[in-house]
$ cat query39.cif   # mmCIF, C-alpha atoms and all ligand atoms
data_upload
loop_
_atom_site.label_atom_id
_atom_site.label_comp_id
_atom_site.auth_asym_id
_atom_site.auth_seq_id
_atom_site.Cartn_x
_atom_site.Cartn_y
_atom_site.Cartn_z
CA MET S 1 109.67 74.11 144.98
CA ILE S 2 108.43 75.76 148.15
CA GLU S 3 107.42 73.63 151.15
CA PHE S 4 105.52 74.89 154.16
CA ASP S 5 106.20 72.30 156.86
CA ALA S 6 103.69 72.58 159.72
CA VAL S 7 104.06 76.37 159.92
CA SER S 8 102.17 78.41 162.49
CA LYS S 9 102.19 82.09 163.33
CA VAL S 10 101.00 83.57 166.59
CA TYR S 11 101.47 87.34 166.68
CA PRO S 12 102.75 88.92 169.91
CA ASP S 13 99.22 90.06 170.81
CA GLY S 14 98.11 86.41 170.85
CA THR S 15 96.38 86.33 167.44
CA THR S 16 96.81 82.98 165.73
CA ALA S 17 97.12 83.93 162.06
CA VAL S 18 98.34 80.60 160.64
CA SER S 19 97.80 77.15 162.19
CA GLU S 20 99.96 74.16 161.32
CA VAL S 21 99.90 74.61 157.57
CA THR S 22 101.66 71.98 155.49
CA LEU S 23 101.60 72.72 151.78
CA THR S 24 103.85 72.21 148.76
CA VAL S 25 104.17 74.67 145.89
CA PRO S 26 105.71 72.70 143.00
CA SER S 27 108.23 74.46 140.78
CA HIS S 28 106.75 76.24 137.75
CA LYS S 29 103.21 75.98 139.13
CA THR S 30 100.74 78.50 140.52
CA VAL S 31 99.31 77.85 143.96
CA VAL S 32 96.56 80.23 145.03
CA LEU S 33 95.99 80.92 148.72
CA LEU S 34 92.25 81.57 148.88
CA GLY S 35 90.31 82.73 151.92
CA SER S 36 88.29 85.57 153.36
CA SER S 37 89.87 88.60 154.95
CA GLY S 38 91.87 87.72 158.06
CA SER S 39 92.33 84.05 157.23
CA GLY S 40 96.13 84.31 157.29
CA LYS S 41 96.89 84.51 153.55
CA THR S 42 99.30 87.45 153.74
CA THR S 43 101.02 86.04 156.81
CA LEU S 44 101.60 82.70 155.07
CA LEU S 45 102.80 84.40 151.87
CA ARG S 46 105.28 86.59 153.72
CA MET S 47 106.85 83.59 155.41
CA VAL S 48 108.36 82.72 152.02
CA ASN S 49 110.53 85.83 151.86
CA ARG S 50 111.00 86.06 155.63
CA MET S 51 108.99 89.23 156.07
CA VAL S 52 107.22 87.05 158.65
CA GLU S 53 109.07 84.43 160.69
CA PRO S 54 106.94 81.43 161.65
CA THR S 55 106.40 80.80 165.36
CA SER S 56 106.87 77.11 164.65
CA GLY S 57 107.45 74.95 161.61
CA ARG S 58 109.75 75.48 158.66
CA VAL S 59 109.70 76.85 155.13
CA LEU S 60 111.95 75.13 152.62
CA ILE S 61 112.93 76.29 149.14
CA ASP S 62 114.28 73.50 146.96
CA GLY S 63 114.73 71.41 150.08
CA ALA S 64 116.73 73.97 152.10
CA ASP S 65 115.43 75.69 155.25
CA ILE S 66 115.21 79.41 154.44
CA ARG S 67 116.23 80.27 158.01
CA ASP S 68 119.76 79.46 156.92
CA ARG S 69 119.64 82.12 154.20
CA ASN S 70 120.47 85.80 154.62
CA ALA S 71 117.02 87.39 154.91
CA VAL S 72 117.83 90.46 152.79
CA HIS S 73 119.42 88.45 149.99
CA LEU S 74 116.55 85.98 150.09
CA ARG S 75 113.99 88.80 149.85
CA ARG S 76 115.74 90.37 146.87
CA SER S 77 115.83 87.03 145.06
CA ILE S 78 112.04 86.65 145.20
CA GLY S 79 109.56 88.77 143.23
CA TYR S 80 106.84 90.35 145.37
CA VAL S 81 103.73 92.17 144.15
CA MET S 82 101.75 93.97 146.82
CA GLN S 83 98.04 94.78 146.72
CA SER S 84 98.66 98.51 146.89
CA GLY S 85 101.28 98.31 144.14
CA GLY S 86 103.92 99.49 146.56
CA LEU S 87 105.67 101.62 143.94
CA LEU S 88 108.08 104.29 145.13
CA PRO S 89 106.23 107.57 144.39
CA HIS S 90 109.30 109.73 143.82
CA ARG S 91 110.99 107.41 141.37
CA THR S 92 110.17 106.99 137.70
CA VAL S 93 108.55 103.81 136.50
CA THR S 94 111.87 102.67 134.99
CA ASP S 95 113.73 103.26 138.25
CA ASN S 96 111.01 101.47 140.21
CA VAL S 97 111.48 98.41 138.02
CA ALA S 98 115.29 98.69 138.10
CA THR S 99 115.64 99.15 141.88
CA VAL S 100 116.22 95.57 142.98
CA PRO S 101 118.60 94.58 140.17
CA VAL S 102 120.69 97.68 140.99
CA LEU S 103 120.73 96.71 144.68
CA ASN S 104 121.84 93.26 143.59
CA GLY S 105 124.79 94.74 141.74
CA THR S 106 123.53 95.07 138.16
CA SER S 107 124.76 98.30 136.53
CA ARG S 108 122.16 101.06 136.36
CA ARG S 109 122.42 101.08 132.61
CA SER S 110 121.69 97.41 132.07
CA ALA S 111 118.98 97.44 134.78
CA ARG S 112 117.21 100.26 132.90
CA LYS S 113 117.51 98.39 129.66
CA GLU S 114 116.04 95.30 131.29
CA ALA S 115 113.26 97.49 132.73
CA ALA S 116 112.21 98.65 129.25
CA GLY S 117 111.96 95.04 128.12
CA LEU S 118 109.94 94.11 131.19
CA LEU S 119 107.47 96.95 130.63
CA GLU S 120 106.83 95.58 127.15
CA ARG S 121 106.54 92.09 128.53
CA VAL S 122 103.66 93.16 130.84
CA GLY S 123 101.91 94.99 128.01
CA LEU S 124 103.05 98.57 128.67
CA ASP S 125 104.59 101.05 126.24
CA PRO S 126 108.23 101.40 127.38
CA ALA S 127 107.80 105.18 126.89
CA LEU S 128 105.79 105.12 130.14
CA GLY S 129 109.07 104.41 131.92
CA LYS S 130 109.74 108.13 132.18
CA ARG S 131 106.54 108.78 134.13
CA TYR S 132 106.00 108.71 137.87
CA PRO S 133 103.55 106.21 139.38
CA HIS S 134 100.81 108.81 140.00
CA GLN S 135 100.81 109.58 136.27
CA LEU S 136 99.56 106.06 135.50
CA SER S 137 96.12 104.44 135.78
CA GLY S 138 95.52 101.86 138.51
CA GLY S 139 95.78 99.02 136.02
CA GLN S 140 99.02 100.39 134.59
CA GLN S 141 100.47 100.71 138.11
CA GLN S 142 99.65 97.07 138.80
CA ARG S 143 101.40 96.07 135.58
CA VAL S 144 104.45 98.02 136.70
CA GLY S 145 104.26 96.14 140.01
CA VAL S 146 104.39 92.87 138.08
CA ALA S 147 107.29 94.12 135.90
CA ARG S 148 109.17 95.09 139.03
CA ALA S 149 108.62 91.68 140.58
CA LEU S 150 109.96 90.05 137.39
CA ALA S 151 113.15 92.17 137.38
CA GLY S 152 116.24 90.08 137.94
CA ASP S 153 114.33 87.03 136.69
CA PRO S 154 113.46 85.46 140.06
CA ASN S 155 112.28 81.84 140.13
CA ILE S 156 109.59 82.65 142.69
CA LEU S 157 106.82 85.26 142.48
CA LEU S 158 104.69 86.19 145.50
CA MET S 159 101.53 88.06 144.54
CA ASP S 160 99.31 89.44 147.32
CA GLU S 161 95.88 90.37 145.91
CA PRO S 162 97.71 92.17 143.10
CA PHE S 163 94.56 92.93 141.13
CA GLY S 164 92.27 93.73 144.06
CA ALA S 165 92.20 97.48 143.62
CA VAL S 166 91.22 97.73 139.94
CA ASP S 167 87.83 97.62 138.24
CA PRO S 168 86.50 94.25 137.01
CA VAL S 169 87.25 94.79 133.31
CA VAL S 170 90.86 95.79 133.93
CA ARG S 171 91.11 92.98 136.44
CA ARG S 172 90.08 90.44 133.84
CA ASP S 173 92.73 91.88 131.48
CA LEU S 174 95.43 91.58 134.12
CA GLN S 175 94.41 88.02 134.91
CA ASP S 176 94.64 87.04 131.23
CA GLU S 177 98.00 88.76 130.99
CA LEU S 178 99.30 86.82 133.98
CA LEU S 179 98.13 83.53 132.46
CA ARG S 180 99.93 84.42 129.22
CA LEU S 181 103.09 85.46 131.06
CA GLN S 182 103.08 82.33 133.17
CA SER S 183 102.75 80.11 130.10
CA GLN S 184 105.91 81.78 128.75
CA LEU S 185 107.92 82.10 131.96
CA GLY S 186 106.92 79.13 134.12
CA LYS S 187 107.60 80.84 137.46
CA THR S 188 106.81 79.27 140.81
CA ILE S 189 103.91 81.50 141.90
CA VAL S 190 102.12 81.92 145.21
CA PHE S 191 99.07 84.09 144.53
CA VAL S 192 96.76 85.41 147.25
CA THR S 193 93.12 86.29 146.66
CA HIS S 194 89.75 86.25 148.39
CA ASP S 195 88.01 85.92 145.02
CA VAL S 196 86.87 82.38 144.14
CA ASP S 197 86.63 83.07 140.40
CA GLU S 198 90.11 84.55 140.31
CA ALA S 199 91.51 81.59 142.24
CA PHE S 200 89.89 79.03 139.95
CA LEU S 201 91.02 80.89 136.83
CA LEU S 202 94.68 81.22 137.80
CA ALA S 203 95.47 78.23 140.00
CA ASP S 204 97.05 74.93 139.25
CA THR S 205 96.31 74.21 142.92
CA VAL S 206 94.05 76.09 145.32
CA ALA S 207 94.77 76.11 149.07
CA LEU S 208 91.61 77.30 150.81
CA LEU S 209 92.11 78.77 154.29
CA LYS S 210 89.53 79.00 157.07
CA PRO S 211 89.50 81.63 159.81
CA GLY S 212 92.42 81.07 162.15
CA GLY S 213 94.70 80.19 159.25
CA VAL S 214 93.64 76.55 159.08
CA LEU S 215 93.88 74.78 155.72
CA ALA S 216 90.37 73.74 154.72
CA GLN S 217 91.27 72.00 151.47
CA VAL S 218 94.06 71.75 148.93
CA GLY S 219 93.28 70.63 145.40
CA THR S 220 92.82 71.55 141.77
CA PRO S 221 89.82 73.77 141.06
CA THR S 222 88.00 70.76 139.62
CA GLU S 223 88.72 68.61 142.67
CA ILE S 224 87.46 71.32 144.99
CA VAL S 225 84.29 71.94 143.00
CA GLU S 226 83.51 68.25 142.56
CA HIS S 227 84.56 67.07 146.01
CA PRO S 228 84.45 69.88 148.57
CA ALA S 229 86.03 68.57 151.78
CA ASP S 230 83.29 69.86 154.09
CA ASP S 231 80.41 72.32 154.44
CA PHE S 232 82.78 75.25 154.93
CA VAL S 233 84.40 74.61 151.55
CA ALA S 234 81.09 73.99 149.80
CA GLU S 235 79.64 77.24 151.13
CA PHE S 236 82.78 79.26 150.42
CA ILE S 237 82.96 78.26 146.76
CA ASP S 238 79.19 78.54 146.37
CA ALA S 239 79.34 82.17 147.39
CA GLY S 240 81.52 82.70 144.30
CA ARG S 241 79.20 80.91 141.91
CA PRO S 242 76.72 83.59 140.80
CA ARG S 243 79.51 85.67 139.34
CA SER S 244 80.86 82.68 137.42
CA VAL S 245 77.44 82.13 135.89
CA LEU S 246 77.14 85.76 134.82
CA ARG S 247 80.50 85.80 133.07
N1 LIG Z 301 101.40 92.35 162.67
C1 LIG Z 301 100.29 91.79 163.19
N2 LIG Z 301 100.07 91.79 164.52
C2 LIG Z 301 98.98 91.21 165.05
N3 LIG Z 301 98.03 90.59 164.32
C3 LIG Z 301 98.20 90.56 162.98
C4 LIG Z 301 99.33 91.16 162.34
N4 LIG Z 301 99.21 90.96 161.00
C5 LIG Z 301 98.07 90.27 160.82
N5 LIG Z 301 97.45 90.03 162.00
C6 LIG Z 301 96.22 89.29 162.23
O1 LIG Z 301 96.43 87.95 161.77
C7 LIG Z 301 95.27 87.47 161.11
C8 LIG Z 301 95.64 87.12 159.68
O2 LIG Z 301 96.00 88.29 158.99
P1 LIG Z 301 96.48 88.28 157.47
O3 LIG Z 301 97.57 87.29 157.33
O4 LIG Z 301 96.75 89.67 157.08
O5 LIG Z 301 95.17 87.71 156.74
P2 LIG Z 301 94.64 87.93 155.23
O6 LIG Z 301 95.79 88.30 154.38
O7 LIG Z 301 94.04 86.60 154.88
O8 LIG Z 301 93.58 88.99 155.30
C9 LIG Z 301 94.22 88.56 161.22
O9 LIG Z 301 93.45 88.29 162.35
C10 LIG Z 301 95.05 89.81 161.42
O10 LIG Z 301 94.32 90.78 162.13
MG MG Z 302 96.09 89.98 153.18
#
$ encode --input "query39.cif" --output "structure tokens" --more "lines below"
Ligand SMILES: Nc1ncnc2c1ncn2[C@@H]1O[C@H](COP(=O)(O)OP(=O)(O)O)[C@@H](O)[C@H]1O
Ligand SMILES: [Mg+2]
Amino acid sequence: MIEFDAVSKVYPDGTTAVSEVTLTVPSHKTVVLLGSSGSGKTTLLRMVNRMVEPTSGRVLIDGADIRDRNAVHLRRSIGYVMQSGGLLPHRTVTDNVATVPVLNGTSRRSARKEAAGLLERVGLDPALGKRYPHQLSGGQQQRVGVARALAGDPNILLMDEPFGAVDPVVRRDLQDELLRLQSQLGKTIVFVTHDVDEAFLLADTVALLKPGGVLAQVGTPTEIVEHPADDFVAEFIDAGRPRSVLR
């Protein structure tokens, strides 16, 4: 379980990115941080692995304040998928997936073996492990990003607009794959998106953020659709409706 306890972030230039957010991510569930660009989603997400330190408030994992953990060890114990993929261009796919387990002390040989299994798990031919990232399609690179985040079997996965850069058909494939994976693995997932349809498809709970990093509403997709907290919420989810109808 991850708890955000009244966290705020004011960047040194005075920008308030996150304002007093209190939110619980239950174990084995997917919470989607939904909001338009600049609403503080990435900042909030990165507080979980201490890539961002809150200006005030606390983040707890399983009841313990993460400030008491070694930041590097904490970071390596949490899977993180970046929007851009974030793969190391000069390393093979296998070595990209194996990097963190090796840093954590797993032998190179068993980390590579695990990597082959993970590639299969995310729907890739393990033979692709020999390639370099630029030799893969965008969708394949995103799958490798997911495989890498799963390496070492972390309890927590942070996913920052992981499917934002691929075309809609591939995106739909990746979303289905994530739902399938999650039903098998039961990770604790924080997933960031600005896409209402994606949020409603993947989330157990949606946390909708307003500009300034203020929580507008937290609820299941059904709760939010049936009882939007205010006009902001109603308008935000309405903007996503036409696409839902077309699908
Ligand atoms: N390192 C930074 N320094 C100053 N301002 C930042 C920094 N990172 C993000 N911001 C600002 O904080 C706000 C929230 O950004 P971000 O968390 O990236 O939002 P989102 O992921 O929802 O697009 C934005 O106004 C952004 O410009
Ligand atoms: Mg972002």
$ residues_around --input "query39.cif" --residues "Ile189 (chain S)" --least-positions-apart "4" --cutoff "9 Å" --atoms "all atoms listed in the file" --output "PyMOL selection string"
chain S and resi 25+27-32+155-159+182
$ residues_near_point --input "query39.cif" --point "(112.8, 104.8, 137.7)" --cutoff "9 Å" --atoms "only C-alpha atoms" --output "ChimeraX atom specification"
/S:88,90-99,112,115,129-132
$ residues_near_ligand --input "query39.cif" --ligand "ligand LIG 301 (chain Z)" --cutoff "9 Å" --atoms "only C-alpha atoms and all ligand atoms" --output "JSON list (two decimals) with C-alpha atoms, in the coordinates of the input"
[["chain", "number", "residue", "atom", "x", "y", "z"],
["S", 9, "LYS", "CA", 102.19, 82.09, 163.33],
["S", 10, "VAL", "CA", 101.00, 83.57, 166.59],
["S", 11, "TYR", "CA", 101.47, 87.34, 166.68],
["S", 12, "PRO", "CA", 102.75, 88.92, 169.91],
["S", 13, "ASP", "CA", 99.22, 90.06, 170.81],
["S", 14, "GLY", "CA", 98.11, 86.41, 170.85],
["S", 15, "THR", "CA", 96.38, 86.33, 167.44],
["S", 16, "THR", "CA", 96.81, 82.98, 165.73],
["S", 17, "ALA", "CA", 97.12, 83.93, 162.06],
["S", 18, "VAL", "CA", 98.34, 80.60, 160.64],
["S", 33, "LEU", "CA", 95.99, 80.92, 148.72],
["S", 34, "LEU", "CA", 92.25, 81.57, 148.88],
["S", 35, "GLY", "CA", 90.31, 82.73, 151.92],
["S", 36, "SER", "CA", 88.29, 85.57, 153.36],
["S", 37, "SER", "CA", 89.87, 88.60, 154.95],
["S", 38, "GLY", "CA", 91.87, 87.72, 158.06],
["S", 39, "SER", "CA", 92.33, 84.05, 157.23],
["S", 40, "GLY", "CA", 96.13, 84.31, 157.29],
["S", 41, "LYS", "CA", 96.89, 84.51, 153.55],
["S", 42, "THR", "CA", 99.30, 87.45, 153.74],
["S", 43, "THR", "CA", 101.02, 86.04, 156.81],
["S", 44, "LEU", "CA", 101.60, 82.70, 155.07],
["S", 45, "LEU", "CA", 102.80, 84.40, 151.87],
["S", 46, "ARG", "CA", 105.28, 86.59, 153.72],
["S", 52, "VAL", "CA", 107.22, 87.05, 158.65],
["S", 160, "ASP", "CA", 99.31, 89.44, 147.32],
["S", 161, "GLU", "CA", 95.88, 90.37, 145.91],
["S", 192, "VAL", "CA", 96.76, 85.41, 147.25],
["S", 193, "THR", "CA", 93.12, 86.29, 146.66],
["S", 194, "HIS", "CA", 89.75, 86.25, 148.39],
["S", 209, "LEU", "CA", 92.11, 78.77, 154.29],
["S", 211, "PRO", "CA", 89.50, 81.63, 159.81],
["S", 212, "GLY", "CA", 92.42, 81.07, 162.15],
["S", 213, "GLY", "CA", 94.70, 80.19, 159.25]]
$ closest_residue --input "query39.cif" --among "S:Ser84, S:Ser19, S:Ser183, S:Gln140" --to "Arg171 (chain S)" --atoms "only C-alpha atoms"
S:Gln140
$ atom_distance --input "query39.cif" --atom1 "CA of Ala207 (chain S)" --atom2 "CA of Asp68 (chain S)"
26.4 Å
$ closest_residue --input "query39.cif" --among "S:Ala216, S:Val7, S:Leu128, S:Pro26" --to "Asp204 (chain S)" --atoms "all atoms listed in the file"
S:Pro26
